[in-house]
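Beneath this line is the structure, given in structure tokens, with notes to follow.
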Amino acid sequence: MPKRYTPVSAAADVEAALRLLEGRWKLVILFHLFGGKVMRFSDFERAIPNISQKMLGQQLKSMEADGIVHRTAYPQVPPKVEYRLTDWGQSLCPALDAILKWADRRPQS
């Protein structure tokens, strides 16, 4: 049965959902992983040149802790770590596409 929202509970749940995506880089990271892509840390560094290594690591760790990104570490030298979206993370794609389409309809002033 779908959750029933009141204006107060809806606002609180939207705030909680947005907290999962807050940060300058999380949405950029998401867009690079949509469609089942698997990326290594160095792939992100090339794809998002303005992000620092420290910030990239923090954002990926946070997204992993929140269940949005899955991290796979392979026991080899040099270390190999891959990132992909979880099914739940991938399910954000239609919502973010809708936001992009909404933004495209913004009236020009």
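The way I read the labels, and the way they are meant: chains A, B, ... in the order of the structure tokens, residue 1 as the first residue of every chain, and ligand 1 as the first ligand shown, with later ones counted on from there.
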
Contact residues around Met55 in chain A with only C-alpha atoms at 10 Å, ignoring same-chain residues under 4 positions, as a VMD selection string: chain A and resid 23 to 25 51 59 to 61

Pull N, CA and C atoms from the residues just selected and write them as a PDB file, in the first residue's frame.
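Listing of out05.pdb after writing:
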ATOM      1  N   GLY A  23      25.279  18.004  -2.322  1.00  0.00           N
ATOM      2  CA  GLY A  23      26.704  18.031  -2.618  1.00  0.00           C
ATOM      3  C   GLY A  23      26.860  18.370  -4.081  1.00  0.00           C
ATOM      4  N   ARG A  24      27.883  19.093  -4.373  1.00  0.00           N
ATOM      5  CA  ARG A  24      28.069  19.619  -5.728  1.00  0.00           C
ATOM      6  C   ARG A  24      28.231  18.525  -6.780  1.00  0.00           C
ATOM      7  N   TRP A  25      28.757  17.363  -6.392  1.00  0.00           N
ATOM      8  CA  TRP A  25      29.189  16.393  -7.392  1.00  0.00           C
ATOM      9  C   TRP A  25      28.339  15.131  -7.486  1.00  0.00           C
ATOM     10  N   ILE A  51      36.904  18.087 -10.105  1.00  0.00           N
ATOM     11  CA  ILE A  51      36.721  17.541  -8.752  1.00  0.00           C
ATOM     12  C   ILE A  51      38.080  17.088  -8.201  1.00  0.00           C
ATOM     13  N   GLN A  59      32.517  11.811  -1.854  1.00  0.00           N
ATOM     14  CA  GLN A  59      31.205  11.686  -2.477  1.00  0.00           C
ATOM     15  C   GLN A  59      30.879  10.227  -2.770  1.00  0.00           C
ATOM     16  N   LEU A  60      31.847   9.476  -3.301  1.00  0.00           N
ATOM     17  CA  LEU A  60      31.616   8.063  -3.592  1.00  0.00           C
ATOM     18  C   LEU A  60      31.366   7.269  -2.314  1.00  0.00           C
ATOM     19  N   LYS A  61      32.124   7.561  -1.267  1.00  0.00           N
ATOM     20  CA  LYS A  61      31.942   6.862   0.014  1.00  0.00           C
ATOM     21  C   LYS A  61      30.558   7.147   0.583  1.00  0.00           C
TER      22      LYS A  61
END

For the interface of range 18-72 of chain A with range 81-85 of chain A (cut-off 7 Å, counting only C-alpha atoms), please tabulate each contacting residue of range 18-72 of chain A alongside its nearest pair of atoms and their separation in Å to one decimal, rows sorted by chain and increasing number, as CSV.
residue,atom,partner,partner_atom,distance
A:Leu33,CA,A:Arg84,CA,6.2
A:Gly36,CA,A:Arg84,CA,6.9
A:Lys37,CA,A:Arg84,CA,6.3
A:Val38,CA,A:Arg84,CA,4.8
A:Met39,CA,A:Tyr83,CA,5.3
A:Arg40,CA,A:Glu82,CA,4.6
A:Ile68,CA,A:Leu85,CA,5.9
A:Val69,CA,A:Leu85,CA,4.4
A:His70,CA,A:Arg84,CA,5.4
A:Arg71,CA,A:Tyr83,CA,4.7
A:Thr72,CA,A:Glu82,CA,5.2

Go ahead and write the selection's residues with C-alpha atoms as a short mmCIF file (atom, residue, chain, number, x, y, z; two decimals), in the first residue's frame.
data_model
loop_
_atom_site.label_atom_id
_atom_site.label_comp_id
_atom_site.auth_asym_id
_atom_site.auth_seq_id
_atom_site.Cartn_x
_atom_site.Cartn_y
_atom_site.Cartn_z
CA LEU A 33 26.97 5.87 -14.01
CA GLY A 36 24.66 0.33 -16.11
CA LYS A 37 28.09 1.88 -16.59
CA VAL A 38 30.96 0.71 -14.41
CA MET A 39 33.72 3.21 -13.70
CA ARG A 40 37.01 3.20 -11.86
CA ILE A 68 23.17 4.46 -4.20
CA VAL A 69 26.56 3.19 -5.43
CA HIS A 70 28.10 -0.27 -5.16
CA ARG A 71 31.88 -0.47 -4.77
CA THR A 72 33.80 -3.57 -5.83
#

- request: Enumerate as number ranges by chain all residues of chain A assigned to helix (DSSP H, G or I) by DSSP on the backbone, naming them with the chain letters and numbers the document uses.
  value: A: 7-21, 26-33, 41-47, 53-65, 87-90, 93-104

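Those residues in chain A carrying a DSSP assignment of strand (DSSP E), computed from the backbone, are Met39, Arg40, Val69, His70, Arg71, Thr72, Ala73, Tyr74, Lys80, Val81, Glu82, Tyr83, Arg84 and Leu85 of chain A.
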
Keeping only all heavy atoms, write those residues as a tab-separated table (two decimals), in the first residue's frame.
chain	number	residue	atom	x	y	z
A	39	MET	N	32.58	2.31	-13.57
A	39	MET	CA	33.72	3.21	-13.70
A	39	MET	C	34.70	3.00	-12.56
A	39	MET	O	34.30	2.67	-11.44
A	39	MET	CB	33.25	4.67	-13.70
A	39	MET	CG	32.43	5.04	-14.92
A	39	MET	SD	31.90	6.77	-14.94
A	39	MET	CE	33.43	7.60	-15.33
A	40	ARG	N	35.96	3.21	-12.87
A	40	ARG	CA	37.01	3.20	-11.86
A	40	ARG	C	37.25	4.63	-11.40
A	40	ARG	O	36.82	5.60	-12.04
A	40	ARG	CB	38.28	2.59	-12.45
A	40	ARG	CG	38.07	1.12	-12.80
A	40	ARG	CD	39.28	0.52	-13.44
A	40	ARG	NE	40.38	0.46	-12.46
A	40	ARG	CZ	41.58	-0.01	-12.75
A	40	ARG	NH1	41.84	-0.45	-13.96
A	40	ARG	NH2	42.52	-0.04	-11.84
A	69	VAL	N	25.43	3.70	-4.64
A	69	VAL	CA	26.56	3.19	-5.43
A	69	VAL	C	27.08	1.90	-4.79
A	69	VAL	O	27.11	1.78	-3.56
A	69	VAL	CB	27.68	4.25	-5.50
A	69	VAL	CG1	28.97	3.68	-6.06
A	69	VAL	CG2	27.24	5.44	-6.33
A	70	HIS	N	27.46	0.96	-5.63
A	70	HIS	CA	28.10	-0.27	-5.16
A	70	HIS	C	29.57	-0.20	-5.54
A	70	HIS	O	29.92	0.11	-6.68
A	70	HIS	CB	27.45	-1.50	-5.80
A	70	HIS	CG	28.10	-2.77	-5.39
A	70	HIS	ND1	27.90	-3.34	-4.15
A	70	HIS	CD2	28.97	-3.57	-6.03
A	70	HIS	CE1	28.60	-4.45	-4.06
A	70	HIS	NE2	29.26	-4.60	-5.19
A	71	ARG	N	30.43	-0.50	-4.57
A	71	ARG	CA	31.88	-0.47	-4.77
A	71	ARG	C	32.40	-1.90	-4.75
A	71	ARG	O	32.10	-2.67	-3.83
A	71	ARG	CB	32.52	0.33	-3.63
A	71	ARG	CG	34.02	0.41	-3.67
A	71	ARG	CD	34.50	1.18	-2.42
A	71	ARG	NE	35.92	1.40	-2.44
A	71	ARG	CZ	36.82	0.57	-1.91
A	71	ARG	NH1	36.43	-0.54	-1.32
A	71	ARG	NH2	38.09	0.86	-1.97
A	72	THR	N	33.17	-2.25	-5.78
A	72	THR	CA	33.80	-3.57	-5.83
A	72	THR	C	35.30	-3.39	-5.86
A	72	THR	O	35.84	-2.74	-6.76
A	72	THR	CB	33.36	-4.34	-7.10
A	72	THR	OG1	31.93	-4.42	-7.12
A	72	THR	CG2	33.95	-5.73	-7.13
A	73	ALA	N	35.98	-3.94	-4.85
A	73	ALA	CA	37.44	-3.88	-4.78
A	73	ALA	C	38.00	-5.25	-5.13
A	73	ALA	O	37.58	-6.27	-4.57
A	73	ALA	CB	37.89	-3.47	-3.38
A	74	TYR	N	38.95	-5.27	-6.07
A	74	TYR	CA	39.57	-6.52	-6.49
A	74	TYR	C	40.93	-6.66	-5.80
A	74	TYR	O	41.71	-5.70	-5.76
A	74	TYR	CB	39.75	-6.53	-8.01
A	74	TYR	CG	38.43	-6.47	-8.74
A	74	TYR	CD1	37.89	-5.26	-9.15
A	74	TYR	CD2	37.71	-7.63	-9.00
A	74	TYR	CE1	36.67	-5.21	-9.82
A	74	TYR	CE2	36.49	-7.60	-9.66
A	74	TYR	CZ	35.99	-6.37	-10.07
A	74	TYR	OH	34.79	-6.32	-10.72
A	80	LYS	N	42.46	-2.39	-7.78
A	80	LYS	CA	41.44	-2.08	-8.78
A	80	LYS	C	40.10	-1.99	-8.05
A	80	LYS	O	39.68	-2.92	-7.37
A	80	LYS	CB	41.38	-3.18	-9.84
A	80	LYS	CG	40.32	-2.95	-10.90
A	80	LYS	CD	40.31	-4.08	-11.92
A	80	LYS	CE	39.19	-3.93	-12.91
A	80	LYS	NZ	39.14	-5.06	-13.84
A	81	VAL	N	39.45	-0.84	-8.17
A	81	VAL	CA	38.16	-0.61	-7.54
A	81	VAL	C	37.22	-0.09	-8.61
A	81	VAL	O	37.56	0.82	-9.37
A	81	VAL	CB	38.27	0.41	-6.38
A	81	VAL	CG1	36.91	0.66	-5.77
A	81	VAL	CG2	39.25	-0.09	-5.33
A	82	GLU	N	36.03	-0.68	-8.67
A	82	GLU	CA	35.02	-0.26	-9.64
A	82	GLU	C	33.76	0.19	-8.91
A	82	GLU	O	33.44	-0.32	-7.84
A	82	GLU	CB	34.67	-1.42	-10.59
A	82	GLU	CG	35.81	-1.82	-11.48
A	82	GLU	CD	35.45	-2.98	-12.39
A	82	GLU	OE1	34.53	-3.76	-12.07
A	82	GLU	OE2	36.12	-3.12	-13.43
A	83	TYR	N	33.08	1.13	-9.53
A	83	TYR	CA	31.84	1.66	-8.98
A	83	TYR	C	30.73	1.51	-10.02
A	83	TYR	O	30.95	1.71	-11.22
A	83	TYR	CB	32.00	3.15	-8.64
A	83	TYR	CG	33.03	3.41	-7.59
A	83	TYR	CD1	34.36	3.63	-7.93
A	83	TYR	CD2	32.69	3.42	-6.25
A	83	TYR	CE1	35.32	3.86	-6.97
A	83	TYR	CE2	33.65	3.65	-5.27
A	83	TYR	CZ	34.95	3.87	-5.64
A	83	TYR	OH	35.91	4.10	-4.68
A	84	ARG	N	29.56	1.14	-9.52
A	84	ARG	CA	28.36	1.08	-10.37
A	84	ARG	C	27.18	1.46	-9.50
A	84	ARG	O	27.24	1.43	-8.27
A	84	ARG	CB	28.17	-0.31	-10.96
A	84	ARG	CG	27.89	-1.37	-9.94
A	84	ARG	CD	27.53	-2.70	-10.57
A	84	ARG	NE	27.37	-3.72	-9.55
A	84	ARG	CZ	26.28	-3.86	-8.79
A	84	ARG	NH1	25.26	-3.06	-8.95
A	84	ARG	NH2	26.23	-4.81	-7.86
A	85	LEU	N	26.08	1.83	-10.14
A	85	LEU	CA	24.87	2.15	-9.39
A	85	LEU	C	24.20	0.88	-8.90
A	85	LEU	O	24.20	-0.14	-9.60
A	85	LEU	CB	23.88	2.93	-10.26
A	85	LEU	CG	24.28	4.34	-10.64
A	85	LEU	CD1	23.24	4.95	-11.57
A	85	LEU	CD2	24.44	5.21	-9.40

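Atom pair CA of Leu92 in chain A / CA of Lys26 in chain A: separated by 12.1 Å.
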
Contact residues around range 95-109 of chain A with only C-alpha atoms at 10 Å, ignoring same-chain residues under 4 positions, as a ChimeraX atom specification: /A:27,30-31,91
